[in-house]
Amino acid sequence: MVSVASYEAGIERVLNRSSDVFFGDRPILLDTAKRTSTEDLIVLDRLFTYEPLALAFKRGDEDFRLVVDRTLSRLYGSAEFRDLYAKWFGKPDESALTFFRLSKMPE
């Protein structure tokens with residue numbers, strides 16, 4: 001294993017074959033693979049970790065939290081969300097769809 005200073009450095013190591021694989025945050029890897037003009041770079045479907053993300057805001061601001069939760073929940077269930085996801089990360093696979101389906105608040 002070799003540590004690298006940046007995603008660019010890790011991806012360059014894979015492309016110049018000085019490393020066989022590069023582990024990183026899936027959304028960043030998907031975006032990089034999409035922008036790379038070579039077919040030598042692929043992002044595997046296998047997930048090695050589960051890392052939920054969160055938005056931070058002021059403690060006790062329940063009204064704002066509820067607005068954010070409801071807005072994200074509506075977006076997760078919309079066709080627009082799939083289009084946005086596909087634009088930035090590629091077509092969502094079944095595990096991504098399941099994650100967003102389970103993250104939705106009940107109506």
# chains A, B, ... in the order shown; residues from 1 in each chain; ligands from 1

$ residues_around --residues "Leu55 in chain A" --least-positions-apart "3" --cutoff "12 Å" --atoms "only C-alpha atoms" --output "PyMOL selection string"
chain A and resi 52+58-59+64-65+68-69+72

$ residues_around --residues "Asp31 in chain A" --least-positions-apart "6" --cutoff "10 Å" --atoms "only C-alpha atoms" --output "JSON, numbers by chain"
{"A": [43, 87, 88, 89, 90]}

$ write_last_selection --atoms "N, CA and C atoms" --output "PDB file, in the first residue's frame"
ATOM      1  N   VAL A  43     -14.614   2.219 -12.183  1.00  0.00           N
ATOM      2  CA  VAL A  43     -14.968   2.172 -10.771  1.00  0.00           C
ATOM      3  C   VAL A  43     -15.778   0.898 -10.567  1.00  0.00           C
ATOM      4  N   LYS A  87     -26.309  12.510 -13.697  1.00  0.00           N
ATOM      5  CA  LYS A  87     -25.454  13.548 -14.279  1.00  0.00           C
ATOM      6  C   LYS A  87     -24.097  13.598 -13.595  1.00  0.00           C
ATOM      7  N   TRP A  88     -24.072  13.497 -12.272  1.00  0.00           N
ATOM      8  CA  TRP A  88     -22.835  13.686 -11.521  1.00  0.00           C
ATOM      9  C   TRP A  88     -22.116  12.388 -11.185  1.00  0.00           C
ATOM     10  N   PHE A  89     -22.852  11.279 -11.013  1.00  0.00           N
ATOM     11  CA  PHE A  89     -22.221  10.050 -10.535  1.00  0.00           C
ATOM     12  C   PHE A  89     -22.457   8.852 -11.443  1.00  0.00           C
ATOM     13  N   GLY A  90     -23.230   8.998 -12.493  1.00  0.00           N
ATOM     14  CA  GLY A  90     -23.575   7.864 -13.342  1.00  0.00           C
ATOM     15  C   GLY A  90     -24.908   7.280 -12.899  1.00  0.00           C
TER      16      GLY A  90
END

$ residues_around --residues "range 7-15 of chain A" --least-positions-apart "4" --cutoff "9 Å" --atoms "only C-alpha atoms" --output "number ranges by chain"
A: 3, 19-24, 28-29, 32, 38, 40-41

$ select_by_dssp --residues "chain A" --states "helix (DSSP H, G or I)" --output "CSV table (one decimal) with N, CA, C and O atoms, in the first residue's frame"
chain,number,residue,atom,x,y,z
A,7,TYR,N,-6.4,12.7,-4.8
A,7,TYR,CA,-7.1,11.8,-5.7
A,7,TYR,C,-6.4,11.8,-7.0
A,7,TYR,O,-6.2,10.7,-7.6
A,8,GLU,N,-6.0,13.0,-7.5
A,8,GLU,CA,-5.3,13.0,-8.8
A,8,GLU,C,-4.1,12.2,-8.8
A,8,GLU,O,-3.8,11.5,-9.8
A,9,ALA,N,-3.3,12.2,-7.7
A,9,ALA,CA,-2.1,11.4,-7.6
A,9,ALA,C,-2.4,9.9,-7.6
A,9,ALA,O,-1.7,9.1,-8.3
A,10,GLY,N,-3.4,9.5,-6.9
A,10,GLY,CA,-3.8,8.1,-6.9
A,10,GLY,C,-4.3,7.6,-8.2
A,10,GLY,O,-3.9,6.5,-8.6
A,11,ILE,N,-5.1,8.4,-8.8
A,11,ILE,CA,-5.6,8.0,-10.2
A,11,ILE,C,-4.5,8.0,-11.2
A,11,ILE,O,-4.4,7.1,-12.0
A,12,GLU,N,-3.6,8.9,-11.1
A,12,GLU,CA,-2.4,8.9,-12.0
A,12,GLU,C,-1.6,7.6,-11.8
A,12,GLU,O,-1.1,7.0,-12.8
A,13,ARG,N,-1.4,7.2,-10.6
A,13,ARG,CA,-0.7,5.9,-10.3
A,13,ARG,C,-1.4,4.7,-11.0
A,13,ARG,O,-0.7,3.8,-11.5
A,14,VAL,N,-2.7,4.7,-11.0
A,14,VAL,CA,-3.4,3.6,-11.6
A,14,VAL,C,-3.3,3.7,-13.1
A,14,VAL,O,-3.0,2.7,-13.8
A,15,LEU,N,-3.4,4.9,-13.6
A,15,LEU,CA,-3.3,5.1,-15.1
A,15,LEU,C,-1.9,4.8,-15.6
A,15,LEU,O,-1.8,4.2,-16.7
A,26,ARG,N,-16.5,7.0,-3.3
A,26,ARG,CA,-17.1,6.6,-4.5
A,26,ARG,C,-17.6,7.8,-5.4
A,26,ARG,O,-17.3,7.8,-6.6
A,27,PRO,N,-18.3,8.8,-4.8
A,27,PRO,CA,-18.7,9.9,-5.7
A,27,PRO,C,-17.6,10.6,-6.4
A,27,PRO,O,-17.7,10.9,-7.6
A,28,ILE,N,-16.5,10.8,-5.7
A,28,ILE,CA,-15.3,11.5,-6.3
A,28,ILE,C,-14.7,10.6,-7.4
A,28,ILE,O,-14.4,11.0,-8.5
A,29,LEU,N,-14.6,9.3,-7.1
A,29,LEU,CA,-14.1,8.3,-8.1
A,29,LEU,C,-15.0,8.3,-9.4
A,29,LEU,O,-14.5,8.2,-10.5
A,30,LEU,N,-16.3,8.2,-9.1
A,30,LEU,CA,-17.2,8.2,-10.3
A,30,LEU,C,-17.1,9.4,-11.1
A,30,LEU,O,-17.1,9.3,-12.4
A,31,ASP,N,-17.1,10.6,-10.5
A,31,ASP,CA,-16.9,11.8,-11.2
A,31,ASP,C,-15.6,11.9,-12.0
A,31,ASP,O,-15.6,12.2,-13.2
A,32,THR,N,-14.6,11.4,-11.4
A,32,THR,CA,-13.3,11.4,-12.1
A,32,THR,C,-13.3,10.5,-13.3
A,32,THR,O,-12.8,10.8,-14.3
A,33,ALA,N,-13.8,9.3,-13.1
A,33,ALA,CA,-13.9,8.3,-14.2
A,33,ALA,C,-14.7,8.9,-15.3
A,33,ALA,O,-14.4,8.7,-16.5
A,34,LYS,N,-15.8,9.6,-15.0
A,34,LYS,CA,-16.6,10.2,-16.0
A,34,LYS,C,-15.9,11.2,-16.8
A,34,LYS,O,-16.1,11.4,-18.0
A,35,ARG,N,-15.0,12.0,-16.2
A,35,ARG,CA,-14.3,13.1,-16.8
A,35,ARG,C,-13.0,12.6,-17.5
A,35,ARG,O,-12.4,13.4,-18.2
A,62,GLU,N,-34.9,22.9,15.1
A,62,GLU,CA,-35.8,21.8,14.6
A,62,GLU,C,-36.6,22.2,13.4
A,62,GLU,O,-36.9,21.3,12.5
A,63,ASP,N,-37.0,23.4,13.3
A,63,ASP,CA,-37.8,23.9,12.1
A,63,ASP,C,-36.9,23.7,10.8
A,63,ASP,O,-37.4,23.2,9.8
A,64,PHE,N,-35.7,24.2,10.9
A,64,PHE,CA,-34.8,24.1,9.7
A,64,PHE,C,-34.5,22.6,9.4
A,64,PHE,O,-34.5,22.2,8.2
A,65,ARG,N,-34.2,21.8,10.4
A,65,ARG,CA,-34.0,20.4,10.2
A,65,ARG,C,-35.1,19.7,9.5
A,65,ARG,O,-34.9,18.9,8.5
A,66,LEU,N,-36.3,20.1,9.9
A,66,LEU,CA,-37.5,19.5,9.3
A,66,LEU,C,-37.7,19.9,7.8
A,66,LEU,O,-38.0,19.1,7.0
A,67,VAL,N,-37.4,21.2,7.5
A,67,VAL,CA,-37.4,21.7,6.1
A,67,VAL,C,-36.4,20.9,5.3
A,67,VAL,O,-36.7,20.4,4.2
A,68,VAL,N,-35.2,20.7,5.8
A,68,VAL,CA,-34.2,20.0,5.1
A,68,VAL,C,-34.6,18.6,4.9
A,68,VAL,O,-34.5,18.0,3.7
A,69,ASP,N,-35.0,17.9,5.9
A,69,ASP,CA,-35.4,16.5,5.8
A,69,ASP,C,-36.5,16.3,4.8
A,69,ASP,O,-36.5,15.4,4.0
A,70,ARG,N,-37.5,17.1,4.9
A,70,ARG,CA,-38.7,17.0,4.0
A,70,ARG,C,-38.3,17.3,2.5
A,70,ARG,O,-38.7,16.6,1.6
A,71,THR,N,-37.5,18.3,2.3
A,71,THR,CA,-37.0,18.6,1.0
A,71,THR,C,-36.2,17.5,0.4
A,71,THR,O,-36.4,17.1,-0.8
A,72,LEU,N,-35.2,17.0,1.1
A,72,LEU,CA,-34.4,15.9,0.6
A,72,LEU,C,-35.3,14.6,0.4
A,72,LEU,O,-35.1,13.9,-0.6
A,73,SER,N,-36.3,14.4,1.3
A,73,SER,CA,-37.1,13.2,1.1
A,73,SER,C,-37.9,13.3,-0.2
A,73,SER,O,-38.1,12.3,-0.9
A,74,ARG,N,-38.5,14.5,-0.5
A,74,ARG,CA,-39.2,14.7,-1.7
A,74,ARG,C,-38.3,14.5,-2.9
A,74,ARG,O,-38.7,13.9,-3.9
A,75,LEU,N,-37.1,15.1,-2.8
A,75,LEU,CA,-36.2,15.0,-3.9
A,75,LEU,C,-35.7,13.5,-4.2
A,75,LEU,O,-35.7,13.1,-5.3
A,76,TYR,N,-35.5,12.8,-3.1
A,76,TYR,CA,-35.0,11.4,-3.3
A,76,TYR,C,-36.0,10.5,-4.1
A,76,TYR,O,-35.6,9.6,-4.8
A,79,ALA,N,-38.2,11.8,-10.1
A,79,ALA,CA,-37.4,11.4,-11.3
A,79,ALA,C,-36.3,12.4,-11.5
A,79,ALA,O,-35.2,12.1,-12.0
A,80,GLU,N,-36.5,13.7,-11.0
A,80,GLU,CA,-35.4,14.7,-11.1
A,80,GLU,C,-34.2,14.2,-10.4
A,80,GLU,O,-33.0,14.5,-10.8
A,81,PHE,N,-34.4,13.6,-9.2
A,81,PHE,CA,-33.2,13.1,-8.4
A,81,PHE,C,-32.4,12.1,-9.2
A,81,PHE,O,-31.2,12.2,-9.2
A,82,ARG,N,-33.1,11.2,-9.8
A,82,ARG,CA,-32.3,10.2,-10.6
A,82,ARG,C,-31.5,10.8,-11.7
A,82,ARG,O,-30.4,10.4,-12.0
A,83,ASP,N,-32.1,11.8,-12.3
A,83,ASP,CA,-31.4,12.6,-13.4
A,83,ASP,C,-30.2,13.3,-12.8
A,83,ASP,O,-29.1,13.3,-13.4
A,84,LEU,N,-30.4,14.0,-11.7
A,84,LEU,CA,-29.2,14.7,-11.0
A,84,LEU,C,-28.1,13.7,-10.6
A,84,LEU,O,-27.0,14.0,-10.9
A,85,TYR,N,-28.5,12.6,-10.0
A,85,TYR,CA,-27.6,11.6,-9.6
A,85,TYR,C,-26.8,11.1,-10.8
A,85,TYR,O,-25.6,11.0,-10.8
A,86,ALA,N,-27.5,10.8,-11.9
A,86,ALA,CA,-26.9,10.2,-13.1
A,86,ALA,C,-25.9,11.2,-13.7
A,86,ALA,O,-24.9,10.9,-14.2
A,87,LYS,N,-26.3,12.5,-13.7
A,87,LYS,CA,-25.5,13.5,-14.3
A,87,LYS,C,-24.1,13.6,-13.6
A,87,LYS,O,-23.1,13.7,-14.2
A,88,TRP,N,-24.1,13.5,-12.3
A,88,TRP,CA,-22.8,13.7,-11.5
A,88,TRP,C,-22.1,12.4,-11.2
A,88,TRP,O,-20.9,12.4,-11.1
A,89,PHE,N,-22.9,11.3,-11.0
A,89,PHE,CA,-22.2,10.0,-10.5
A,89,PHE,C,-22.5,8.9,-11.4
A,89,PHE,O,-22.0,7.8,-11.2
A,94,GLU,N,-28.6,-0.4,-7.9
A,94,GLU,CA,-29.7,-0.8,-6.9
A,94,GLU,C,-29.3,-0.5,-5.5
A,94,GLU,O,-30.2,-0.1,-4.7
A,95,SER,N,-28.1,-0.6,-5.1
A,95,SER,CA,-27.7,-0.2,-3.7
A,95,SER,C,-27.9,1.3,-3.4
A,95,SER,O,-28.3,1.7,-2.4
A,96,ALA,N,-27.6,2.1,-4.4
A,96,ALA,CA,-27.8,3.5,-4.3
A,96,ALA,C,-29.3,3.8,-4.2
A,96,ALA,O,-29.7,4.6,-3.3
A,97,LEU,N,-30.1,3.2,-5.0
A,97,LEU,CA,-31.6,3.4,-5.0
A,97,LEU,C,-32.1,3.0,-3.7
A,97,LEU,O,-33.0,3.6,-3.1
A,98,THR,N,-31.7,1.9,-3.2
A,98,THR,CA,-32.1,1.4,-1.9
A,98,THR,C,-31.8,2.3,-0.7
A,98,THR,O,-32.6,2.6,0.1
A,99,PHE,N,-30.5,2.8,-0.8
A,99,PHE,CA,-30.1,3.8,0.2
A,99,PHE,C,-31.0,5.0,0.3
A,99,PHE,O,-31.5,5.4,1.3
A,100,PHE,N,-31.3,5.6,-0.9
A,100,PHE,CA,-32.1,6.8,-0.9
A,100,PHE,C,-33.6,6.5,-0.6
A,100,PHE,O,-34.3,7.3,0.1
A,101,ARG,N,-34.1,5.3,-1.0
A,101,ARG,CA,-35.4,4.9,-0.6
A,101,ARG,C,-35.6,4.8,0.9
A,101,ARG,O,-36.5,5.2,1.5
A,102,LEU,N,-34.5,4.2,1.5
A,102,LEU,CA,-34.6,4.0,3.0
A,102,LEU,C,-34.3,5.3,3.8
A,102,LEU,O,-34.7,5.4,4.9
A,103,SER,N,-33.7,6.3,3.1
A,103,SER,CA,-33.4,7.6,3.7
A,103,SER,C,-34.6,8.5,3.7
A,103,SER,O,-34.6,9.5,4.4
